[in-house]
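See below for coords.txt, which holds compact mmCIF, C-alpha atoms and all ligand atoms.
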```txt
# COMPACT_ATOMS: atom_id res chain seq x y z
CA MET A 1 -7.86 13.88 10.72
CA LYS A 2 -5.92 11.13 12.46
CA THR A 3 -7.84 7.91 12.96
CA GLU A 4 -6.55 4.70 14.41
CA THR A 5 -8.06 1.32 15.23
CA SER A 6 -6.57 -2.06 15.88
CA VAL A 7 -7.30 -5.75 15.47
CA ARG A 8 -5.80 -8.20 17.96
CA VAL A 9 -4.46 -11.54 16.75
CA GLU A 10 -4.70 -13.85 19.79
CA LEU A 11 -1.98 -16.49 19.62
CA GLY A 12 -0.87 -16.88 23.22
CA GLU A 13 2.68 -15.65 23.63
CA ARG A 14 2.80 -14.86 19.90
CA SER A 15 -0.24 -12.50 20.08
CA TYR A 16 0.04 -9.15 18.35
CA ASP A 17 -1.87 -6.06 17.22
CA ILE A 18 -2.62 -4.91 13.73
CA VAL A 19 -2.71 -1.12 14.04
CA ILE A 20 -4.71 0.53 11.24
CA GLY A 21 -4.77 4.26 10.64
CA ASP A 22 -3.81 7.05 8.28
CA SER A 23 -0.55 8.11 9.92
CA VAL A 24 0.65 5.19 12.02
CA PHE A 25 4.18 4.97 10.63
CA ALA A 26 5.48 7.69 12.93
CA THR A 27 4.32 5.75 15.99
CA LEU A 28 6.62 2.76 15.32
CA PRO A 29 9.72 3.70 17.40
CA GLY A 30 7.93 3.78 20.80
CA PRO A 31 6.72 0.17 20.87
CA LEU A 32 9.92 -1.09 19.18
CA HIS A 33 12.05 0.45 21.94
CA ARG A 34 9.86 -1.24 24.54
CA TRP A 35 9.88 -4.65 22.89
CA ALA A 36 13.62 -4.54 22.30
CA GLY A 37 14.08 -3.79 25.99
CA ALA A 38 16.37 -0.94 24.85
CA LYS A 39 17.84 0.97 27.80
CA ARG A 40 19.26 3.70 25.56
CA PRO A 41 17.71 4.85 22.23
CA GLN A 42 20.68 3.52 20.23
CA ASP A 43 20.20 0.05 21.77
CA LEU A 44 17.30 -0.39 19.37
CA ARG A 45 18.76 -1.81 16.18
CA VAL A 46 16.69 -2.22 13.04
CA LEU A 47 17.22 -3.73 9.61
CA LEU A 48 14.74 -1.87 7.44
CA ALA A 49 13.87 -3.77 4.24
CA ALA A 50 12.06 -1.39 1.93
CA ASP A 51 10.61 -2.02 -1.52
CA ALA A 52 12.84 -0.03 -3.92
CA SER A 53 9.97 1.90 -5.48
CA ILE A 54 8.80 3.34 -2.15
CA ARG A 55 12.23 3.42 -0.48
CA GLY A 56 12.50 7.20 -0.99
CA SER A 57 8.97 7.93 0.25
CA TYR A 58 7.45 5.63 2.90
CA GLY A 59 10.75 3.83 3.51
CA GLN A 60 12.43 7.17 4.19
CA ALA A 61 9.57 8.26 6.47
CA VAL A 62 9.99 5.12 8.60
CA GLU A 63 13.78 5.45 8.59
CA ASP A 64 13.51 9.13 9.67
CA ALA A 65 11.07 8.28 12.47
CA LEU A 66 13.44 5.57 13.77
CA ARG A 67 16.55 7.76 13.48
CA ASP A 68 14.78 10.71 15.14
CA ALA A 69 14.04 8.36 18.03
CA GLY A 70 17.75 7.53 18.23
CA ALA A 71 17.63 4.00 16.83
CA ASP A 72 20.51 2.41 14.93
CA VAL A 73 19.05 1.71 11.45
CA VAL A 74 20.44 -0.11 8.41
CA CYS A 75 18.26 0.17 5.32
CA VAL A 76 18.29 -2.28 2.40
CA SER A 77 16.30 -1.70 -0.79
CA VAL A 78 14.48 -4.75 -2.13
CA PRO A 79 14.08 -4.55 -5.93
CA SER A 80 10.37 -4.33 -6.77
CA GLY A 81 8.60 -7.40 -8.10
CA GLU A 82 7.93 -11.09 -7.46
CA THR A 83 11.41 -12.15 -8.65
CA SER A 84 12.80 -10.69 -5.41
CA LYS A 85 11.29 -13.59 -3.45
CA SER A 86 14.54 -15.43 -4.17
CA LEU A 87 17.49 -16.95 -2.34
CA GLN A 88 19.65 -14.24 -3.87
CA GLN A 89 17.63 -11.40 -2.29
CA ALA A 90 17.40 -13.32 0.98
CA GLU A 91 21.18 -13.53 0.94
CA ALA A 92 21.46 -9.74 0.54
CA LEU A 93 19.40 -9.31 3.72
CA TYR A 94 21.37 -12.02 5.60
CA ASP A 95 24.57 -10.23 4.58
CA ALA A 96 23.26 -6.95 5.99
CA LEU A 97 22.31 -8.67 9.27
CA VAL A 98 25.74 -10.28 9.57
CA GLU A 99 27.42 -6.97 8.71
CA MET A 100 25.52 -5.13 11.45
CA GLN A 101 26.18 -8.01 13.90
CA ALA A 102 22.49 -8.47 14.46
CA ASP A 103 21.35 -10.41 17.50
CA ARG A 104 18.00 -11.73 18.71
CA ARG A 105 16.91 -8.23 19.76
CA THR A 106 17.52 -6.73 16.34
CA PHE A 107 14.25 -6.03 14.55
CA VAL A 108 13.59 -6.65 10.88
CA VAL A 109 11.04 -4.14 9.63
CA ALA A 110 9.47 -4.67 6.19
CA VAL A 111 8.03 -1.66 4.36
CA GLY A 112 6.36 -2.56 1.08
CA GLY A 113 4.01 -5.11 -0.43
CA GLY A 114 3.72 -8.86 -0.03
CA VAL A 115 7.01 -9.47 -1.80
CA THR A 116 9.06 -7.42 0.67
CA GLY A 117 7.04 -8.75 3.62
CA ASP A 118 7.35 -12.43 2.62
CA LEU A 119 11.08 -12.09 1.89
CA ALA A 120 12.02 -10.05 4.96
CA GLY A 121 9.79 -12.22 7.15
CA PHE A 122 11.53 -15.36 5.89
CA VAL A 123 14.93 -13.84 6.62
CA ALA A 124 13.74 -12.84 10.13
CA ALA A 125 12.38 -16.38 10.67
CA THR A 126 15.64 -18.05 9.74
CA TYR A 127 18.41 -15.69 10.86
CA ALA A 128 19.75 -16.90 14.21
CA ARG A 129 16.74 -19.29 14.27
CA GLY A 130 14.37 -16.35 14.41
CA ILE A 131 14.55 -12.64 15.25
CA PRO A 132 11.66 -10.19 15.76
CA PHE A 133 9.85 -8.84 12.76
CA VAL A 134 7.42 -5.99 12.05
CA GLN A 135 5.25 -5.62 8.96
CA MET A 136 4.42 -2.20 7.49
CA PRO A 137 2.40 -3.13 4.41
CA THR A 138 1.94 -0.51 1.68
CA THR A 139 -0.17 -2.46 -0.84
CA LEU A 140 -3.80 -3.43 -0.37
CA LEU A 141 -2.93 -7.10 -0.83
CA ALA A 142 -0.32 -6.96 1.89
CA MET A 143 -2.64 -5.00 4.23
CA VAL A 144 -5.54 -7.43 3.96
CA ASP A 145 -3.64 -10.67 3.58
CA SER A 146 0.08 -11.27 3.41
CA SER A 147 1.18 -9.16 6.41
CA VAL A 148 -1.16 -11.01 8.78
CA GLY A 149 -0.82 -14.63 9.88
CA GLY A 150 2.89 -15.35 9.94
CA LYS A 151 3.42 -17.10 6.62
CA THR A 152 6.77 -16.06 5.18
CA GLY A 153 8.69 -17.42 2.25
CA ILE A 154 10.43 -17.22 -1.08
CA ASN A 155 9.88 -18.94 -4.44
CA HIS A 156 11.61 -21.89 -6.04
CA PRO A 157 11.92 -21.51 -9.83
CA ARG A 158 9.43 -24.40 -10.18
CA GLY A 159 6.94 -23.45 -7.50
CA LYS A 160 5.71 -20.43 -5.60
CA ASN A 161 6.36 -20.09 -1.86
CA LEU A 162 7.95 -23.56 -1.72
CA ILE A 163 10.66 -22.41 0.69
CA GLY A 164 9.21 -20.80 3.79
CA ALA A 165 8.55 -20.70 7.50
CA PHE A 166 5.84 -19.68 9.94
CA HIS A 167 7.00 -16.59 11.83
CA GLN A 168 4.44 -14.27 13.41
CA PRO A 169 5.25 -10.56 13.36
CA ALA A 170 5.58 -8.62 16.62
CA ALA A 171 3.08 -6.16 15.15
CA VAL A 172 1.60 -4.94 11.89
CA PHE A 173 1.34 -1.19 11.26
CA ILE A 174 -1.01 -0.31 8.41
CA ASP A 175 -1.06 3.25 7.08
CA THR A 176 -4.00 3.23 4.66
CA SER A 177 -2.98 6.60 3.17
CA THR A 178 -0.08 4.83 1.42
CA LEU A 179 -2.69 3.31 -0.91
CA ASP A 180 -3.00 6.73 -2.61
CA THR A 181 0.09 6.02 -4.72
CA LEU A 182 -0.51 2.33 -5.45
CA PRO A 183 -0.75 1.60 -9.22
CA ASP A 184 -4.20 0.66 -10.45
CA ARG A 185 -3.42 -3.01 -11.26
CA ASP A 186 -1.85 -3.60 -7.86
CA TYR A 187 -4.79 -1.97 -6.11
CA ARG A 188 -7.27 -4.18 -7.96
CA SER A 189 -5.11 -7.22 -7.31
CA GLY A 190 -5.60 -6.60 -3.56
CA LEU A 191 -9.35 -6.32 -4.03
CA ALA A 192 -9.39 -9.95 -5.24
CA GLU A 193 -8.31 -11.16 -1.78
CA VAL A 194 -10.96 -8.89 -0.21
CA VAL A 195 -13.66 -10.52 -2.38
CA LYS A 196 -12.22 -13.91 -1.36
CA TYR A 197 -12.99 -13.21 2.34
CA GLY A 198 -16.62 -12.56 1.45
CA VAL A 199 -16.94 -15.80 -0.51
CA ILE A 200 -15.24 -18.03 2.06
CA LEU A 201 -16.43 -16.55 5.36
CA ASP A 202 -18.88 -13.70 5.25
CA ALA A 203 -21.84 -13.46 2.84
CA LYS A 204 -22.87 -10.11 4.39
CA PHE A 205 -19.45 -8.62 3.68
CA PHE A 206 -19.71 -9.92 0.08
CA GLU A 207 -23.08 -8.14 -0.24
CA TRP A 208 -21.61 -4.98 1.29
CA LEU A 209 -18.86 -5.07 -1.37
CA GLU A 210 -21.49 -5.46 -4.11
CA GLN A 211 -23.19 -2.33 -2.75
CA HIS A 212 -19.98 -0.26 -2.56
CA ILE A 213 -18.42 -0.88 -5.98
CA ASP A 214 -18.24 2.85 -6.83
CA GLU A 215 -16.55 3.73 -3.54
CA LEU A 216 -14.11 0.84 -3.96
CA ASN A 217 -13.23 1.92 -7.50
CA ALA A 218 -12.76 5.50 -6.27
CA ARG A 219 -10.51 4.31 -3.34
CA ASP A 220 -12.74 6.17 -0.90
CA PRO A 221 -10.67 6.38 2.34
CA GLN A 222 -13.50 5.45 4.70
CA THR A 223 -14.51 2.51 2.55
CA LEU A 224 -10.90 1.33 2.47
CA ALA A 225 -10.48 1.70 6.22
CA PHE A 226 -13.52 -0.55 6.73
CA VAL A 227 -12.41 -3.08 4.09
CA VAL A 228 -8.91 -3.38 5.57
CA ARG A 229 -10.23 -3.74 9.11
CA ARG A 230 -12.91 -6.31 8.23
CA SER A 231 -10.47 -8.35 6.11
CA CYS A 232 -7.82 -8.34 8.87
CA GLN A 233 -10.43 -9.42 11.41
CA LEU A 234 -11.61 -12.30 9.20
CA LYS A 235 -8.05 -13.42 8.55
CA ALA A 236 -7.17 -13.11 12.26
CA ASP A 237 -10.16 -15.32 13.18
CA VAL A 238 -8.93 -18.06 10.85
CA VAL A 239 -5.28 -17.79 11.93
CA GLN A 240 -6.27 -17.94 15.62
CA ALA A 241 -8.22 -21.15 14.99
CA ASP A 242 -5.47 -22.89 12.99
CA GLU A 243 -2.16 -21.02 13.19
CA ARG A 244 -0.04 -23.59 11.36
CA GLU A 245 -2.63 -25.00 8.99
CA THR A 246 -2.69 -28.36 10.76
CA LEU A 247 -6.44 -28.57 11.40
CA GLY A 248 -7.59 -27.92 7.85
CA LEU A 249 -9.30 -24.67 8.89
CA ARG A 250 -6.69 -22.24 7.58
CA ALA A 251 -6.83 -23.93 4.19
CA VAL A 252 -10.05 -22.01 3.43
CA LEU A 253 -7.85 -18.95 2.82
CA ASN A 254 -6.49 -20.82 -0.17
CA TYR A 255 -9.77 -20.60 -2.06
CA GLY A 256 -8.88 -20.09 -5.73
CA HIS A 257 -5.18 -20.46 -4.98
CA THR A 258 -4.58 -24.03 -6.24
CA PHE A 259 -5.44 -22.76 -9.72
CA ALA A 260 -3.95 -19.31 -9.13
CA HIS A 261 -0.49 -20.55 -8.18
CA ALA A 262 -0.38 -22.74 -11.29
CA PHE A 263 -1.42 -19.82 -13.50
CA GLU A 264 1.05 -17.44 -11.85
CA THR A 265 3.99 -19.82 -12.23
CA LEU A 266 3.18 -20.71 -15.82
CA ALA A 267 2.58 -17.14 -16.93
CA GLY A 268 6.03 -16.31 -15.47
CA TYR A 269 6.31 -14.67 -12.07
CA GLY A 270 5.16 -11.09 -12.28
CA SER A 271 3.27 -11.15 -15.59
CA LEU A 272 -0.01 -12.20 -13.98
CA LEU A 273 -0.32 -10.44 -10.62
CA HIS A 274 -1.15 -12.63 -7.61
CA GLY A 275 -4.61 -11.12 -7.10
CA GLU A 276 -5.39 -11.34 -10.81
CA ALA A 277 -4.51 -15.04 -10.75
CA VAL A 278 -6.62 -15.44 -7.58
CA ALA A 279 -9.62 -13.77 -9.26
CA ILE A 280 -9.41 -16.23 -12.17
CA GLY A 281 -8.69 -19.12 -9.78
CA MET A 282 -11.78 -18.37 -7.66
CA VAL A 283 -13.97 -18.43 -10.75
CA CYS A 284 -12.36 -21.75 -11.79
CA ALA A 285 -12.99 -23.26 -8.34
CA SER A 286 -16.56 -22.00 -8.33
CA ARG A 287 -17.22 -23.42 -11.81
CA LEU A 288 -15.73 -26.71 -10.64
CA ALA A 289 -18.14 -26.72 -7.66
CA GLU A 290 -20.96 -25.96 -10.07
CA SER A 291 -19.99 -28.86 -12.36
CA LEU A 292 -20.07 -31.15 -9.31
CA GLN A 293 -23.59 -29.87 -8.46
CA ARG A 294 -22.32 -28.48 -5.16
CA ILE A 295 -23.60 -24.92 -5.76
CA ASP A 296 -26.09 -23.02 -7.82
CA LYS A 297 -24.80 -21.13 -10.87
CA SER A 298 -25.81 -17.83 -9.23
CA VAL A 299 -22.96 -18.21 -6.70
CA THR A 300 -20.42 -18.13 -9.55
CA ASP A 301 -22.30 -15.42 -11.42
CA ARG A 302 -22.20 -13.05 -8.45
CA GLN A 303 -18.44 -13.55 -8.06
CA VAL A 304 -17.88 -12.97 -11.78
CA ALA A 305 -20.01 -9.82 -11.66
CA LEU A 306 -18.29 -8.36 -8.59
CA LEU A 307 -14.75 -9.20 -9.73
CA SER A 308 -15.43 -7.78 -13.20
CA ALA A 309 -16.94 -4.60 -11.76
CA LEU A 310 -13.73 -4.19 -9.75
CA GLY A 311 -11.69 -4.46 -12.95
CA LEU A 312 -10.32 -7.96 -12.33
CA PRO A 313 -9.88 -10.70 -14.94
CA VAL A 314 -12.19 -13.72 -14.65
CA ASP A 315 -11.15 -15.87 -17.64
CA VAL A 316 -8.12 -18.16 -17.98
CA PRO A 317 -5.72 -16.35 -20.38
CA HIS A 318 -5.75 -17.85 -23.87
CA ASP A 319 -2.11 -19.00 -23.88
CA LEU A 320 -2.55 -20.85 -20.58
CA ARG A 321 -5.57 -22.73 -21.90
CA GLN A 322 -3.24 -24.54 -24.30
CA GLN A 323 -1.12 -25.87 -21.42
CA GLN A 324 -3.42 -28.22 -19.52
CA ASP A 325 -0.71 -30.80 -18.68
CA ALA A 326 1.55 -28.09 -17.34
CA ILE A 327 -1.31 -26.63 -15.25
CA ILE A 328 -1.93 -30.07 -13.69
CA GLU A 329 1.77 -30.60 -13.01
CA ARG A 330 1.97 -27.23 -11.22
CA MET A 331 -1.24 -27.88 -9.31
CA MET A 332 0.24 -31.12 -7.93
CA LEU A 333 2.93 -29.00 -6.24
CA ASP A 334 0.18 -27.31 -4.19
CA LYS A 335 0.94 -27.53 -0.48
CA LYS A 336 -2.54 -28.89 0.26
CA THR A 337 -1.75 -32.01 -1.82
CA GLN A 338 -1.60 -35.17 0.31
CA ASN A 339 -0.36 -38.53 -1.03
CA ARG A 340 -0.46 -37.02 -4.49
CA GLU A 341 -4.16 -36.27 -4.10
CA LEU A 342 -5.28 -32.69 -4.68
CA ARG A 343 -7.53 -31.02 -2.13
CA PHE A 344 -9.75 -28.31 -3.55
CA ILE A 345 -11.40 -25.53 -1.55
CA LEU A 346 -14.82 -25.20 -3.14
CA PRO A 347 -17.78 -22.97 -2.28
CA ALA A 348 -20.81 -24.60 -0.66
CA ALA A 349 -22.69 -21.27 -0.67
CA LEU A 350 -21.68 -17.61 -0.52
CA GLY A 351 -19.82 -17.25 2.79
CA LYS A 352 -18.99 -20.95 3.16
CA VAL A 353 -16.38 -23.23 1.59
CA GLU A 354 -15.46 -26.90 1.99
CA THR A 355 -12.35 -28.98 1.35
CA VAL A 356 -13.08 -31.51 -1.37
CA THR A 357 -10.95 -34.52 -2.31
CA GLY A 358 -11.38 -37.26 -4.88
CA ILE A 359 -11.40 -34.91 -7.87
CA ASP A 360 -9.40 -36.12 -10.81
CA PRO A 361 -7.11 -33.16 -11.77
CA PRO A 362 -7.24 -33.69 -15.56
CA SER A 363 -11.03 -33.59 -15.56
CA ALA A 364 -11.03 -30.55 -13.23
CA VAL A 365 -8.72 -28.66 -15.58
CA ALA A 366 -10.33 -29.95 -18.79
CA SER A 367 -13.70 -28.60 -17.73
CA LEU A 368 -12.26 -25.10 -17.36
CA CYS A 369 -9.95 -24.62 -20.30
N1 LIG B 401 2.39 -14.49 3.34
C1 LIG B 401 1.13 -14.60 2.99
O1 LIG B 401 0.28 -15.06 3.78
C2 LIG B 401 0.72 -14.13 1.63
C3 LIG B 401 -0.64 -13.98 1.33
C4 LIG B 401 -0.98 -13.46 0.09
C5 LIG B 401 0.01 -13.10 -0.82
N2 LIG B 401 1.31 -13.28 -0.50
C6 LIG B 401 2.38 -12.90 -1.44
O2 LIG B 401 2.34 -11.48 -1.63
C7 LIG B 401 2.97 -11.19 -2.88
C8 LIG B 401 2.18 -10.14 -3.62
O3 LIG B 401 2.12 -8.98 -2.83
P1 LIG B 401 1.77 -7.54 -3.46
O4 LIG B 401 0.58 -7.68 -4.33
O5 LIG B 401 1.77 -6.59 -2.35
O6 LIG B 401 2.97 -7.31 -4.47
P2 LIG B 401 4.34 -6.47 -4.40
O7 LIG B 401 4.97 -6.57 -3.08
O8 LIG B 401 5.10 -6.91 -5.59
O9 LIG B 401 3.87 -4.96 -4.61
C9 LIG B 401 3.22 -4.60 -5.80
C10 LIG B 401 3.87 -3.38 -6.47
O10 LIG B 401 3.50 -2.21 -5.78
C11 LIG B 401 4.65 -1.40 -5.51
N3 LIG B 401 4.29 -0.67 -4.31
C12 LIG B 401 4.17 -1.15 -3.06
N4 LIG B 401 3.57 -0.25 -2.26
C13 LIG B 401 3.33 0.84 -3.01
C14 LIG B 401 2.70 2.08 -2.77
N5 LIG B 401 2.13 2.36 -1.60
N6 LIG B 401 2.66 3.00 -3.78
C15 LIG B 401 3.17 2.69 -4.99
N7 LIG B 401 3.72 1.50 -5.30
C16 LIG B 401 3.80 0.59 -4.32
C17 LIG B 401 5.78 -2.36 -5.46
O11 LIG B 401 6.98 -1.75 -5.81
C18 LIG B 401 5.37 -3.40 -6.50
O12 LIG B 401 5.77 -2.98 -7.78
C19 LIG B 401 3.05 -12.50 -3.63
O13 LIG B 401 4.38 -12.92 -3.64
C20 LIG B 401 2.21 -13.46 -2.81
O14 LIG B 401 2.66 -14.80 -2.89
C21 LIG B 401 1.68 -13.77 0.71
ZN ZN B 402 -3.39 -14.92 -2.00
```
Output the structure of this file as structure tokens.
Amino acid sequence: MKTETSVRVELGERSYDIVIGDSVFATLPGPLHRWAGAKRPQDLRVLLAADASIRGSYGQAVEDALRDAGADVVCVSVPSGETSKSLQQAEALYDALVEMQADRRTFVVAVGGGVTGDLAGFVAATYARGIPFVQMPTTLLAMVDSSVGGKTGINHPRGKNLIGAFHQPAAVFIDTSTLDTLPDRDYRSGLAEVVKYGVILDAKFFEWLEQHIDELNARDPQTLAFVVRRSCQLKADVVQADERETLGLRAVLNYGHTFAHAFETLAGYGSLLHGEAVAIGMVCASRLAESLQRIDKSVTDRQVALLSALGLPVDVPHDLRQQQDAIIERMMLDKKTQNRELRFILPAALGKVETVTGIDPPSAVASLC
């Protein structure tokens, strides 16, 4: 059965729809032709950036749909994995755009997870000072988080996402049936960001997740459709209120991430998945809030229980515990840092977080490791 719903992200002239369904990929060419103002089918030109591991499946399906509709398509495979968020891979996409003589009506379409989306989005943001971009996320993490909100970027060897730009997509097309083939670790990694939304914004949603652990572990399609929709709505609400993270509101989405980015970088990009690092980072932030008497221990315990039941790690890996100075150094590179002072997002209760300053990083890290 075909089902389709959408979530609107209201950002004035940059507003867009997140279309969620189980066979939405085939519907892409229609709106693209309209937005490109293409008079003839071949006037629609698309650079399709597809994650290499799904290039032959979902990437091909999107390419076929575009070609069947007469569009001029160039497809580039992005090697799978975090190391592709690099200047080198960005250059490969710039080269393809130059080669096809792309202009400001050429669309960049990303098919894949957060890596492909962040990379292709960054290239779309910077080529010719910005060309239109469409996200077609195929991982849970990308569906509920990275494809929505306009943050694009690549990594510097010393810090994640240090080179980036805000560039809202023209639309996000989410085909939840692509989750069927997602490897177990990647699926669970996405669930960490889902749990995050419950902790930071919606205690009822957190409770709902606690009550649907079996369905989540079984990837029940209806459960997933609800989870993706609710997460996109919560993220859209935050992005609408603070698109460019200037008001301090969007920073709530970074709950657990100050720790997580440090862990991810130190473990070596790719060895600890983003969501795994976020799961551990949320528990660290919650324990920190507990040690500052800001929350009751039960708030941390419920997060630990839910994350563990969803197969996510909750403890700092042993080898990272030995590297406290390095963790602090990496944490200082966090983009929330102001005047060399770290700003932590800490829970005040389930469903509510606060930005907290004045915490001495060595003592924050020492209490956790
Ligand atoms: N821009 C943002 O706002 C934002 C938010 C959160 C995370 N991120 C970024 O997202 C990245 C992580 O994204 P991710 O977890 O999607 O990782 P990913 O893009 O590396 O994808 C994970 C793995 O799944 C494979 N894959 C993708 N779709 C598949 C499918 N349907 N079936 C089978 N295999 C599939 C990929 O080849 C890859 O090996 C990180 O770089 C993180 O920094 C960005
Ligand atoms: Zn994240």
Rounded to one decimal place, report the CA of Ser363 in chain A-CA of Asp325 in chain A distance in Å.
11.1 Å
Contacts to ligand ZN 402 (chain B) at 8 Å cut-off (all atoms listed in the file) as a PDB file with C-alpha atoms, in the frame of the given file:
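As a result, selection.pdb now contains:
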```pdb
ATOM      1  CA  LEU A 141      -2.930  -7.100  -0.830  1.00  0.00           C
ATOM      2  CA  ASP A 145      -3.640 -10.670   3.580  1.00  0.00           C
ATOM      3  CA  SER A 146       0.080 -11.270   3.410  1.00  0.00           C
ATOM      4  CA  GLU A 193      -8.310 -11.160  -1.780  1.00  0.00           C
ATOM      5  CA  LEU A 253      -7.850 -18.950   2.820  1.00  0.00           C
ATOM      6  CA  ASN A 254      -6.490 -20.820  -0.170  1.00  0.00           C
ATOM      7  CA  HIS A 257      -5.180 -20.460  -4.980  1.00  0.00           C
ATOM      8  CA  HIS A 274      -1.150 -12.630  -7.610  1.00  0.00           C
ATOM      9  CA  GLY A 275      -4.610 -11.120  -7.100  1.00  0.00           C
ATOM     10  CA  VAL A 278      -6.620 -15.440  -7.580  1.00  0.00           C
TER      11      VAL A 278
END
```
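Residue neighbourhood of Ala49 in chain A, excluding near-sequence residues (fewer than 5 positions): Arg55, Gly59, Val74, Cys75, Val76, Ser77, Val78, Leu93, Val108, Val109, Ala110, Val111, Gly112, Thr116, Gly117 and Ala120 of chain A, at 9 Å, using only C-alpha atoms.
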By how many Å are CA of Ile163 in chain A and CA of Asp103 in chain A apart?
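Interatomic distance, CA of Ile163 in chain A to CA of Asp103 in chain A: 23.3 Å.
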In Å, how far is it from atom C7 of ligand LIG 401 (chain B) to CA of Gly81 in chain A?
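Those two atoms sit 8.6 Å apart.
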All residues within 7 Å of ligand LIG 401 (chain B) are required, counting all atoms listed in the file; please report them as a PyMOL selection string.
chain A and resi 51-54+80-82+85+112-116+118+138-142+145-152+160-161+178-183+186+189-190+273-275
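Distances from A:Ser6, A:Gln222, A:Ser291, A:Gln322 to Leu266 in chain A were compared using only C-alpha atoms, and the smallest one belongs to A:Gln322.
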